[in-house]
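Inspection log for the structure reproduced underneath, given as structure tokens.
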Amino acid sequence: MNDVNLLILGATGPTGRHVLELALKAGHTITVLARRPEALDDVKDRITVIAGDATHRDDVAKAIRGRDAVISALGTSKSLRANGLFTRAAEAVVQAARQHGVTRLVWLSSFGVGDTFRDASLLQKVMYRTLLRDIYRDKEAAETILRESGLDWTIVYPTGLTNGPAKGAYRAEARIAMKGFPTISRADVADFLLRAVRDDGWLRRHAVITD
């Protein structure tokens with residue numbers, strides 16, 4: 001993969017950190033927008049770190065200028081409340097991308113959001129409609145913003161995330177009917193997010209990914 005000038009959002013989170021490490025290994029030029037820049041002290045000499053918030057348009061605009069593409073791996077950590085994180089970030093990213101002419105966006109979501117709910121197993125549906133209800137509602141609203149943005153988006157829906165090692169083999173399809181509660185490692189998710197940036201086959205499409 002040729003060098004890509006990337007902006008990574010959520011790089012201090014567990015999945016975003018995998019994206020960052022893979023992008024560094026691939027030799028990409030990397031900018032990270034982070035509320036806690038100190039969390040990136042170990043790699044600050046190899047990337048550009050901009051202090052800011054992904055839900056603030058001016059912060060995103062400062063970070064996105066001159067980039068080829070954006071990967072968002074934003075998450076809510078251990079909270080079961082979204083507090084508008086995904087909708088506010090989607091609005092900020094879309095506005096900043098339009099301002100600076102950046103069109104390519106790969107956005108991490110979760111399986112069970114939006115139309116992918118129909119293919120979930122009974123066990124998954126129960127969890128999505130109870131524990132994760134608020135987060136999923138906000139993610140779905142954010143994705144409506146992205147789909148209507150005119151950007152070259154790809155929305156990625158991984159199944160249950162694990163912290164295990166990358167397997168290097170996973171399924172990526174528009175629809176996958178689920179049984180039980182399938183999982184995928186964050187490392188494999190990061191691999192797909194990075195690959196999708198240069199894969200025109202996923203332009204303005206979504207991908208369900210699982211082991």
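Each chain in the structure tokens gets a letter, A, B, ..., in the order shown, and its residues are numbered from 1; ligands are numbered from 1 in order too.
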
Residues within 7 Å of segment 162-178 of chain A, only C-alpha atoms, excluding chain neighbours under 5 positions, as an NGL selection string: :A and (119-121 or 183-188 or 206-211)

So which residues of segment 98-170 of chain A fall under helix (DSSP H, G or I) by DSSP, listed as a PDB file with C-alpha atoms, in the first residue's frame?
```pdb
ATOM      1  CA  ARG A  98     -16.232  19.591   3.144  1.00  0.00           C
ATOM      2  CA  GLN A  99     -14.338  22.697   4.227  1.00  0.00           C
ATOM      3  CA  HIS A 100     -10.978  21.203   3.265  1.00  0.00           C
ATOM      4  CA  GLY A 114     -29.214   0.191  11.632  1.00  0.00           C
ATOM      5  CA  ASP A 115     -30.109  -2.413   9.016  1.00  0.00           C
ATOM      6  CA  THR A 116     -27.556  -4.907  10.343  1.00  0.00           C
ATOM      7  CA  PHE A 117     -29.912  -5.550  13.272  1.00  0.00           C
ATOM      8  CA  ARG A 118     -32.060  -7.766  11.012  1.00  0.00           C
ATOM      9  CA  ASP A 119     -29.237 -10.306  10.658  1.00  0.00           C
ATOM     10  CA  LEU A 122     -31.605 -13.586  19.190  1.00  0.00           C
ATOM     11  CA  LEU A 123     -28.895 -13.249  21.842  1.00  0.00           C
ATOM     12  CA  GLN A 124     -27.384 -10.274  20.036  1.00  0.00           C
ATOM     13  CA  LYS A 125     -30.762  -8.578  19.554  1.00  0.00           C
ATOM     14  CA  VAL A 126     -31.558  -8.777  23.256  1.00  0.00           C
ATOM     15  CA  MET A 127     -28.284  -7.068  24.161  1.00  0.00           C
ATOM     16  CA  TYR A 128     -28.583  -4.423  21.426  1.00  0.00           C
ATOM     17  CA  ARG A 129     -32.110  -3.479  22.511  1.00  0.00           C
ATOM     18  CA  ARG A 133     -29.778   0.790  23.240  1.00  0.00           C
ATOM     19  CA  ASP A 134     -28.619   4.378  23.810  1.00  0.00           C
ATOM     20  CA  ILE A 135     -25.251   3.918  22.114  1.00  0.00           C
ATOM     21  CA  TYR A 136     -26.782   2.160  19.115  1.00  0.00           C
ATOM     22  CA  ARG A 137     -29.428   4.850  18.690  1.00  0.00           C
ATOM     23  CA  ASP A 138     -26.746   7.535  18.553  1.00  0.00           C
ATOM     24  CA  LYS A 139     -24.586   5.509  16.167  1.00  0.00           C
ATOM     25  CA  GLU A 140     -27.498   5.011  13.795  1.00  0.00           C
ATOM     26  CA  ALA A 141     -28.253   8.741  13.771  1.00  0.00           C
ATOM     27  CA  ALA A 142     -24.568   9.488  13.111  1.00  0.00           C
ATOM     28  CA  GLU A 143     -24.521   7.106  10.170  1.00  0.00           C
ATOM     29  CA  THR A 144     -27.514   8.829   8.603  1.00  0.00           C
ATOM     30  CA  ILE A 145     -25.434  12.014   8.645  1.00  0.00           C
ATOM     31  CA  LEU A 146     -22.538  10.212   6.951  1.00  0.00           C
ATOM     32  CA  ARG A 147     -24.670   8.518   4.303  1.00  0.00           C
TER      33      ARG A 147
END
```

Coordinates-based distance that separates atom CA of Thr159 of chain A from atom CA of Gly75 of chain A (Å, one decimal): 14.4 Å

Point-to-point distance from atom CA of Asn2 of chain A to atom CA of Leu105 of chain A, Å rounded to tenths: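 Taking atom CA of Asn2 of chain A as the start and atom CA of Leu105 of chain A as the end point, the length is 17.2 Å.
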
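Pairwise distance (atom CA of Arg81 of chain A, atom CA of Arg35 of chain A) equals 18.8 Å.
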
Best match for closeness to Phe86 of chain A among A:Asp200, A:Arg36, A:Leu9, A:Ser149, counting only C-alpha atoms: A:Leu9

6 Å contact set for segment 18-28 of chain A, only C-alpha atoms, chain neighbours under 4 positions out, as a list in words: Asp3, Val4, Ala187 and Ala190 of chain A

Write the residues of the preceding selection, restricted to C-alpha atoms, as a compact mmCIF listing (two decimals), in the first residue's frame.
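Below you can see again04.txt, which holds the result:
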```txt
# COMPACT_ATOMS: atom_id res chain seq x y z
CA ASP A 3 1.84 6.07 1.64
CA VAL A 4 -1.45 7.66 2.71
CA ALA A 187 -6.39 -6.14 15.69
CA ALA A 190 -7.91 -2.36 12.56
```

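Every protein or nucleic acid residue with an atom no more than 8 Å from segment 47-50 of chain A, counting only C-alpha atoms and leaving out same-chain residues fewer than 4 positions away, appears here: A:Thr29, A:Ile30, A:Thr31, A:Val32, A:Leu33, A:Ala34, A:Pro37, A:Leu40, A:Val43, A:Ala63.
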
Those of segment 4-188 of chain A in DSSP strand (DSSP E), formatted as a PyMOL selection string: chain A and resi 5-9+29-34+48-51+69-72+104-108+152-158+160-162+171-173+183-185

How about saving the chosen residues, N, CA and C atoms kept, as a compact mmCIF listing (two decimals), in the first residue's frame?
```txt
# COMPACT_ATOMS: atom_id res chain seq x y z
N ASN A 5 -1.72 9.87 3.62
CA ASN A 5 -1.68 10.90 4.66
C ASN A 5 -2.99 10.80 5.44
N LEU A 6 -2.93 10.18 6.60
CA LEU A 6 -4.12 9.80 7.36
C LEU A 6 -4.38 10.69 8.57
N LEU A 7 -5.65 10.94 8.83
CA LEU A 7 -6.08 11.47 10.12
C LEU A 7 -6.80 10.34 10.84
N ILE A 8 -6.36 10.03 12.05
CA ILE A 8 -7.01 8.98 12.84
C ILE A 8 -7.70 9.62 14.04
N LEU A 9 -8.98 9.32 14.18
CA LEU A 9 -9.76 9.75 15.34
C LEU A 9 -9.96 8.54 16.24
N THR A 29 1.80 8.47 6.60
CA THR A 29 1.94 9.74 7.30
C THR A 29 0.70 9.92 8.17
N ILE A 30 0.89 10.11 9.46
CA ILE A 30 -0.23 10.03 10.39
C ILE A 30 -0.38 11.30 11.22
N THR A 31 -1.62 11.77 11.27
CA THR A 31 -2.01 12.83 12.20
C THR A 31 -3.08 12.25 13.12
N VAL A 32 -2.98 12.55 14.40
CA VAL A 32 -3.97 12.09 15.37
C VAL A 32 -4.56 13.30 16.08
N LEU A 33 -5.88 13.34 16.16
CA LEU A 33 -6.57 14.33 16.98
C LEU A 33 -6.96 13.64 18.28
N ALA A 34 -6.47 14.16 19.41
CA ALA A 34 -6.68 13.47 20.68
C ALA A 34 -6.95 14.45 21.80
N THR A 48 2.06 13.26 13.90
CA THR A 48 1.65 14.61 14.27
C THR A 48 0.46 14.49 15.21
N VAL A 49 0.61 15.04 16.41
CA VAL A 49 -0.47 14.97 17.39
C VAL A 49 -1.06 16.37 17.57
N ILE A 50 -2.38 16.46 17.42
CA ILE A 50 -3.09 17.72 17.61
C ILE A 50 -4.06 17.55 18.76
N ALA A 51 -3.94 18.40 19.76
CA ALA A 51 -4.84 18.33 20.90
C ALA A 51 -6.20 18.89 20.50
N ALA A 69 -7.29 11.01 3.83
CA ALA A 69 -8.41 10.20 4.31
C ALA A 69 -8.49 10.28 5.82
N VAL A 70 -9.66 9.91 6.33
CA VAL A 70 -9.90 9.89 7.78
C VAL A 70 -10.37 8.50 8.17
N ILE A 71 -9.80 7.97 9.25
CA ILE A 71 -10.30 6.75 9.88
C ILE A 71 -10.80 7.13 11.26
N SER A 72 -12.06 6.84 11.53
CA SER A 72 -12.61 7.08 12.87
C SER A 72 -12.80 5.76 13.59
N ARG A 104 -12.51 10.99 1.61
CA ARG A 104 -12.50 9.57 2.02
C ARG A 104 -12.60 9.43 3.53
N LEU A 105 -13.58 8.66 3.98
CA LEU A 105 -13.83 8.45 5.40
C LEU A 105 -14.18 7.00 5.66
N VAL A 106 -13.45 6.37 6.57
CA VAL A 106 -13.77 5.02 7.03
C VAL A 106 -14.19 5.13 8.50
N TRP A 107 -15.38 4.69 8.79
CA TRP A 107 -16.03 4.95 10.10
C TRP A 107 -16.35 3.64 10.80
N LEU A 108 -15.83 3.46 11.99
CA LEU A 108 -16.08 2.26 12.78
C LEU A 108 -17.41 2.37 13.51
N ASP A 152 -17.08 10.05 0.43
CA ASP A 152 -16.82 8.66 0.06
C ASP A 152 -16.61 7.84 1.33
N TRP A 153 -17.71 7.53 1.98
CA TRP A 153 -17.67 6.86 3.27
C TRP A 153 -17.65 5.34 3.12
N THR A 154 -17.13 4.68 4.13
CA THR A 154 -17.31 3.25 4.35
C THR A 154 -17.62 3.09 5.83
N ILE A 155 -18.71 2.42 6.14
CA ILE A 155 -19.09 2.18 7.54
C ILE A 155 -18.83 0.72 7.84
N VAL A 156 -18.12 0.46 8.93
CA VAL A 156 -17.66 -0.89 9.25
C VAL A 156 -18.36 -1.38 10.51
N TYR A 157 -18.99 -2.57 10.41
CA TYR A 157 -19.75 -3.15 11.51
C TYR A 157 -19.10 -4.44 12.00
N PRO A 158 -18.20 -4.37 12.97
CA PRO A 158 -17.63 -5.60 13.52
C PRO A 158 -18.59 -6.25 14.52
N GLY A 160 -18.78 -8.81 18.06
CA GLY A 160 -18.21 -8.58 19.39
C GLY A 160 -16.69 -8.47 19.37
N LEU A 161 -16.17 -7.40 19.95
CA LEU A 161 -14.73 -7.14 19.90
C LEU A 161 -13.99 -7.86 21.02
N THR A 162 -12.84 -8.43 20.66
CA THR A 162 -11.98 -9.06 21.65
C THR A 162 -10.60 -8.41 21.61
N ARG A 171 -14.18 -12.58 7.82
CA ARG A 171 -15.17 -12.35 6.77
C ARG A 171 -15.53 -10.87 6.72
N ALA A 172 -15.68 -10.37 5.51
CA ALA A 172 -16.11 -8.98 5.30
C ALA A 172 -17.12 -8.98 4.16
N GLU A 173 -18.39 -8.79 4.50
CA GLU A 173 -19.46 -8.85 3.51
C GLU A 173 -20.51 -7.80 3.85
N THR A 183 -17.44 -13.16 17.33
CA THR A 183 -16.51 -12.10 17.73
C THR A 183 -15.45 -11.89 16.65
N ILE A 184 -14.67 -10.84 16.85
CA ILE A 184 -13.52 -10.54 16.01
C ILE A 184 -12.54 -9.73 16.85
N SER A 185 -11.26 -9.93 16.64
CA SER A 185 -10.27 -9.20 17.43
C SER A 185 -10.16 -7.76 16.95
```
